[in-house]
Amino acid sequence: MSPQRPDIAAAFWWESQPNDKLDRLVHYLREDEILLGARNAWFRRAWGIMAVTTRRILMVSTAGDGYAFELPIDAALEMTDGGDDDGYRIFYLHDYEASTKLFFTNSLVGDSVYDRLYWCVSRLMLDRRDGDLDQADDQGVIGEFDRFRKVKDAFEAGALDEEALRNATLRVFLGPERQPPPRTV
């Protein structure tokens, strides 16, 4: 993989000099993912690069022994702004198990990573809502309120008088024993 690949070059528009962190990040990228954005961040007591791809969030550093951290995009929930601290902008990366504190040089840098992550997570959520999710069992409550809304609309249109509205409403909301709810009669 090469730093000249279009997505990598576009993500690193801000980095014009050779960079060990960039080389390390490129080493960890896979052919089946697109690099959406990357910025310098302080993480695990060292400056590194935080990158958002279509499949993962990667953080790499060459400080000390170096590290590489990855989080599948499926496990990321959101990134929230934590305000300023000693001249740096704090963001928290939330996943299903933890909340990770990140430092950026300013809010614009943090916001650019946030935007890529938000786009990725929201797109993932939309792509997964194709009708294969289990439906919650509402035990007919939603249908009852849909019927009530129609009865109410008929009353407001003048098709039902107050007595007919009352009787229709009681029929819609009869309880499991086919009795009207308490204090309705």
# chains A, B, ... in the order shown; residues from 1 in each chain; ligands from 1
call {"tool": "residues_around", "arguments": {"residues": "Tyr28 (chain A)", "least_positions_apart": "4", "cutoff": "9 Å", "atoms": "only C-alpha atoms", "output": "PyMOL selection string"}}
result
chain A and resi 23-24+58+60+68
call {"tool": "write_last_selection", "arguments": {"atoms": "all heavy atoms", "output": "PDB file, in the first residue's frame"}}
result
ATOM      1  N   ASP A  23       3.764   6.328   7.861  1.00  0.00           N
ATOM      2  CA  ASP A  23       4.195   5.031   7.344  1.00  0.00           C
ATOM      3  C   ASP A  23       3.610   3.889   8.173  1.00  0.00           C
ATOM      4  O   ASP A  23       3.185   2.870   7.627  1.00  0.00           O
ATOM      5  CB  ASP A  23       5.728   4.938   7.344  1.00  0.00           C
ATOM      6  CG  ASP A  23       6.361   5.918   6.363  1.00  0.00           C
ATOM      7  OD1 ASP A  23       5.665   6.365   5.433  1.00  0.00           O
ATOM      8  OD2 ASP A  23       7.555   6.237   6.556  1.00  0.00           O
ATOM      9  N   ARG A  24       3.583   4.075   9.485  1.00  0.00           N
ATOM     10  CA  ARG A  24       3.030   3.044  10.360  1.00  0.00           C
ATOM     11  C   ARG A  24       1.536   2.863  10.102  1.00  0.00           C
ATOM     12  O   ARG A  24       1.044   1.742  10.030  1.00  0.00           O
ATOM     13  CB  ARG A  24       3.290   3.413  11.816  1.00  0.00           C
ATOM     14  CG  ARG A  24       2.916   2.329  12.798  1.00  0.00           C
ATOM     15  CD  ARG A  24       3.380   2.726  14.197  1.00  0.00           C
ATOM     16  NE  ARG A  24       3.017   1.754  15.173  1.00  0.00           N
ATOM     17  CZ  ARG A  24       3.817   0.788  15.584  1.00  0.00           C
ATOM     18  NH1 ARG A  24       5.022   0.667  15.093  1.00  0.00           N
ATOM     19  NH2 ARG A  24       3.412  -0.068  16.504  1.00  0.00           N
ATOM     20  N   LEU A  58      -8.467   3.622  13.667  1.00  0.00           N
ATOM     21  CA  LEU A  58      -7.086   3.236  13.962  1.00  0.00           C
ATOM     22  C   LEU A  58      -6.385   4.380  14.663  1.00  0.00           C
ATOM     23  O   LEU A  58      -6.608   5.545  14.334  1.00  0.00           O
ATOM     24  CB  LEU A  58      -6.328   2.932  12.668  1.00  0.00           C
ATOM     25  CG  LEU A  58      -6.786   1.733  11.864  1.00  0.00           C
ATOM     26  CD1 LEU A  58      -6.130   1.744  10.494  1.00  0.00           C
ATOM     27  CD2 LEU A  58      -6.410   0.469  12.589  1.00  0.00           C
ATOM     28  N   VAL A  60      -2.324   5.107  15.748  1.00  0.00           N
ATOM     29  CA  VAL A  60      -0.951   4.588  15.730  1.00  0.00           C
ATOM     30  C   VAL A  60       0.001   5.662  16.229  1.00  0.00           C
ATOM     31  O   VAL A  60      -0.259   6.851  16.101  1.00  0.00           O
ATOM     32  CB  VAL A  60      -0.515   4.136  14.311  1.00  0.00           C
ATOM     33  CG1 VAL A  60      -1.387   3.003  13.818  1.00  0.00           C
ATOM     34  CG2 VAL A  60      -0.519   5.292  13.334  1.00  0.00           C
ATOM     35  N   ALA A  68      -0.324   0.419  18.120  1.00  0.00           N
ATOM     36  CA  ALA A  68      -1.398   0.483  17.133  1.00  0.00           C
ATOM     37  C   ALA A  68      -2.656   0.003  17.834  1.00  0.00           C
ATOM     38  O   ALA A  68      -2.660  -1.053  18.450  1.00  0.00           O
ATOM     39  CB  ALA A  68      -1.081  -0.380  15.926  1.00  0.00           C
TER      40      ALA A  68
END
call {"tool": "select_by_dssp", "arguments": {"residues": "chain A", "states": "helix (DSSP H, G or I)", "output": "mmCIF file with C-alpha atoms, in the first residue's frame"}}
result
data_model
loop_
_atom_site.group_PDB
_atom_site.id
_atom_site.type_symbol
_atom_site.label_atom_id
_atom_site.label_comp_id
_atom_site.auth_asym_id
_atom_site.auth_seq_id
_atom_site.Cartn_x
_atom_site.Cartn_y
_atom_site.Cartn_z
ATOM 1 C CA PRO A 6 -5.964 8.621 -3.595
ATOM 2 C CA ASP A 7 -7.826 8.175 -0.308
ATOM 3 C CA ILE A 8 -4.603 8.208 1.724
ATOM 4 C CA ALA A 9 -3.248 11.268 -0.096
ATOM 5 C CA ALA A 10 -6.568 13.090 0.398
ATOM 6 C CA ALA A 11 -6.690 12.216 4.103
ATOM 7 C CA ASP A 20 7.074 7.658 10.563
ATOM 8 C CA LYS A 21 3.542 7.749 11.992
ATOM 9 C CA LEU A 22 2.097 8.008 8.484
ATOM 10 C CA ASP A 23 4.195 5.031 7.344
ATOM 11 C CA ARG A 24 3.030 3.044 10.360
ATOM 12 C CA LEU A 25 -0.620 3.888 9.656
ATOM 13 C CA VAL A 26 -0.276 2.944 5.977
ATOM 14 C CA HIS A 27 1.197 -0.377 7.104
ATOM 15 C CA TYR A 28 -1.946 -1.098 9.165
ATOM 16 C CA ILE A 73 -16.486 0.800 13.174
ATOM 17 C CA ASP A 74 -19.357 -1.530 14.160
ATOM 18 C CA ALA A 75 -18.343 -1.141 17.821
ATOM 19 C CA SER A 107 -11.556 21.885 18.052
ATOM 20 C CA LEU A 108 -11.313 22.034 14.251
ATOM 21 C CA VAL A 109 -8.982 19.016 14.212
ATOM 22 C CA GLY A 110 -11.240 17.075 16.603
ATOM 23 C CA ASP A 111 -14.366 18.081 14.674
ATOM 24 C CA SER A 112 -12.909 16.784 11.416
ATOM 25 C CA VAL A 113 -12.392 13.326 12.962
ATOM 26 C CA TYR A 114 -15.820 13.554 14.605
ATOM 27 C CA ASP A 115 -17.465 14.307 11.236
ATOM 28 C CA ARG A 116 -15.912 11.258 9.563
ATOM 29 C CA LEU A 117 -16.858 9.013 12.471
ATOM 30 C CA TYR A 118 -20.406 10.381 12.595
ATOM 31 C CA TRP A 119 -20.834 9.817 8.861
ATOM 32 C CA CYS A 120 -19.525 6.261 9.131
ATOM 33 C CA VAL A 121 -21.591 5.260 12.164
ATOM 34 C CA SER A 122 -24.816 6.838 10.890
ATOM 35 C CA ARG A 123 -24.343 5.264 7.464
ATOM 36 C CA LEU A 124 -23.763 1.902 9.115
ATOM 37 C CA MET A 125 -26.951 2.281 11.140
ATOM 38 C CA LEU A 126 -28.978 3.199 8.037
ATOM 39 C CA ASP A 127 -27.542 0.324 6.013
ATOM 40 C CA ARG A 128 -28.522 -2.180 8.696
ATOM 41 C CA VAL A 141 -51.168 -0.958 21.513
ATOM 42 C CA ILE A 142 -49.974 0.900 18.415
ATOM 43 C CA GLY A 143 -52.894 -0.493 16.396
ATOM 44 C CA GLU A 144 -55.319 0.563 19.125
ATOM 45 C CA PHE A 145 -54.061 4.128 19.039
ATOM 46 C CA ASP A 146 -54.229 4.169 15.229
ATOM 47 C CA ARG A 147 -57.893 3.105 15.455
ATOM 48 C CA PHE A 148 -58.560 5.686 18.174
ATOM 49 C CA ARG A 149 -56.995 8.415 16.018
ATOM 50 C CA LYS A 150 -59.393 7.496 13.178
ATOM 51 C CA VAL A 151 -62.387 7.558 15.539
ATOM 52 C CA LYS A 152 -61.263 10.951 16.883
ATOM 53 C CA ASP A 153 -60.845 12.291 13.321
ATOM 54 C CA ALA A 154 -64.387 11.089 12.498
ATOM 55 C CA PHE A 155 -65.725 12.873 15.601
ATOM 56 C CA GLU A 156 -63.918 16.108 14.690
ATOM 57 C CA GLU A 162 -70.155 12.444 21.726
ATOM 58 C CA GLU A 163 -71.996 9.257 22.737
ATOM 59 C CA ALA A 164 -70.799 7.420 19.590
ATOM 60 C CA LEU A 165 -67.237 8.663 20.243
ATOM 61 C CA ARG A 166 -67.385 7.382 23.828
ATOM 62 C CA ASN A 167 -68.712 3.957 22.804
ATOM 63 C CA ALA A 168 -66.207 3.598 19.953
ATOM 64 C CA THR A 169 -63.342 4.612 22.237
ATOM 65 C CA LEU A 170 -64.393 2.039 24.853
ATOM 66 C CA ARG A 171 -64.545 -0.687 22.164
ATOM 67 C CA VAL A 172 -61.040 0.236 20.969
#
call {"tool": "atom_distance", "arguments": {"atom1": "CA of Leu93 (chain A)", "atom2": "CA of Arg30 (chain A)"}}
result
22.2 Å
call {"tool": "decode", "arguments": {"residues": "region 27-54 of chain A", "atoms": "N, CA and C atoms", "output": "mmCIF file, in the first residue's frame"}}
result
data_model
loop_
_atom_site.group_PDB
_atom_site.id
_atom_site.type_symbol
_atom_site.label_atom_id
_atom_site.label_comp_id
_atom_site.auth_asym_id
_atom_site.auth_seq_id
_atom_site.Cartn_x
_atom_site.Cartn_y
_atom_site.Cartn_z
ATOM 1 N N HIS A 27 0.911 1.044 6.900
ATOM 2 C CA HIS A 27 1.197 -0.377 7.104
ATOM 3 C C HIS A 27 -0.020 -1.118 7.673
ATOM 4 N N TYR A 28 -0.800 -0.460 8.523
ATOM 5 C CA TYR A 28 -1.946 -1.098 9.165
ATOM 6 C C TYR A 28 -3.216 -1.047 8.321
ATOM 7 N N LEU A 29 -3.252 -0.209 7.300
ATOM 8 C CA LEU A 29 -4.445 -0.138 6.459
ATOM 9 C C LEU A 29 -4.588 -1.405 5.626
ATOM 10 N N ARG A 30 -5.830 -1.781 5.379
ATOM 11 C CA ARG A 30 -6.112 -2.955 4.557
ATOM 12 C C ARG A 30 -6.609 -2.512 3.184
ATOM 13 N N GLU A 31 -6.468 -3.383 2.221
ATOM 14 C CA GLU A 31 -6.899 -3.078 0.855
ATOM 15 C C GLU A 31 -8.404 -2.882 0.752
ATOM 16 N N ASP A 32 -9.169 -3.522 1.639
ATOM 17 C CA ASP A 32 -10.627 -3.485 1.545
ATOM 18 C C ASP A 32 -11.265 -2.329 2.327
ATOM 19 N N GLU A 33 -10.468 -1.367 2.769
ATOM 20 C CA GLU A 33 -11.030 -0.216 3.482
ATOM 21 C C GLU A 33 -10.526 1.081 2.866
ATOM 22 N N ILE A 34 -11.332 2.109 3.016
ATOM 23 C CA ILE A 34 -10.989 3.426 2.493
ATOM 24 C C ILE A 34 -10.712 4.338 3.675
ATOM 25 N N LEU A 35 -9.614 5.055 3.598
ATOM 26 C CA LEU A 35 -9.258 6.008 4.642
ATOM 27 C C LEU A 35 -10.089 7.271 4.437
ATOM 28 N N LEU A 36 -10.923 7.602 5.422
ATOM 29 C CA LEU A 36 -11.816 8.753 5.313
ATOM 30 C C LEU A 36 -11.220 10.023 5.894
ATOM 31 N N GLY A 37 -10.413 9.890 6.908
ATOM 32 C CA GLY A 37 -9.809 11.057 7.535
ATOM 33 C C GLY A 37 -8.802 10.637 8.576
ATOM 34 N N ALA A 38 -7.816 11.492 8.809
ATOM 35 C CA ALA A 38 -6.790 11.200 9.808
ATOM 36 C C ALA A 38 -6.224 12.506 10.334
ATOM 37 N N ARG A 39 -5.977 12.561 11.633
ATOM 38 C CA ARG A 39 -5.423 13.752 12.268
ATOM 39 C C ARG A 39 -4.533 13.345 13.434
ATOM 40 N N ASN A 40 -3.659 14.251 13.841
ATOM 41 C CA ASN A 40 -2.813 14.034 15.005
ATOM 42 C C ASN A 40 -3.670 14.073 16.264
ATOM 43 N N ALA A 41 -3.394 13.156 17.175
ATOM 44 C CA ALA A 41 -4.123 13.094 18.442
ATOM 45 C C ALA A 41 -3.198 12.572 19.528
ATOM 46 N N TRP A 42 -3.475 12.971 20.767
ATOM 47 C CA TRP A 42 -2.753 12.482 21.937
ATOM 48 C C TRP A 42 -3.581 11.343 22.512
ATOM 49 N N PHE A 43 -2.957 10.173 22.608
ATOM 50 C CA PHE A 43 -3.651 8.984 23.054
ATOM 51 C C PHE A 43 -2.622 8.057 23.683
ATOM 52 N N ARG A 44 -2.940 7.495 24.813
ATOM 53 C CA ARG A 44 -2.020 6.602 25.534
ATOM 54 C C ARG A 44 -0.672 7.267 25.816
ATOM 55 N N ARG A 45 -0.718 8.472 26.279
ATOM 56 C CA ARG A 45 0.457 9.249 26.693
ATOM 57 C C ARG A 45 1.460 9.508 25.567
ATOM 58 N N ALA A 46 0.975 9.593 24.332
ATOM 59 C CA ALA A 46 1.875 9.884 23.206
ATOM 60 C C ALA A 46 1.073 10.478 22.051
ATOM 61 N N TRP A 47 1.758 11.295 21.254
ATOM 62 C CA TRP A 47 1.129 11.813 20.044
ATOM 63 C C TRP A 47 1.153 10.729 18.984
ATOM 64 N N GLY A 48 0.071 10.611 18.284
ATOM 65 C CA GLY A 48 -0.040 9.632 17.215
ATOM 66 C C GLY A 48 -1.013 10.137 16.168
ATOM 67 N N ILE A 49 -1.439 9.259 15.320
ATOM 68 C CA ILE A 49 -2.415 9.605 14.291
ATOM 69 C C ILE A 49 -3.675 8.790 14.540
ATOM 70 N N MET A 50 -4.803 9.497 14.582
ATOM 71 C CA MET A 50 -6.093 8.842 14.683
ATOM 72 C C MET A 50 -6.702 8.876 13.296
ATOM 73 N N ALA A 51 -7.109 7.702 12.812
ATOM 74 C CA ALA A 51 -7.671 7.599 11.462
ATOM 75 C C ALA A 51 -9.030 6.911 11.511
ATOM 76 N N VAL A 52 -9.937 7.373 10.646
ATOM 77 C CA VAL A 52 -11.238 6.747 10.497
ATOM 78 C C VAL A 52 -11.292 6.167 9.094
ATOM 79 N N THR A 53 -11.565 4.870 9.015
ATOM 80 C CA THR A 53 -11.721 4.213 7.717
ATOM 81 C C THR A 53 -13.164 3.728 7.608
ATOM 82 N N THR A 54 -13.486 3.156 6.493
ATOM 83 C CA THR A 54 -14.836 2.623 6.323
ATOM 84 C C THR A 54 -15.078 1.383 7.180
#
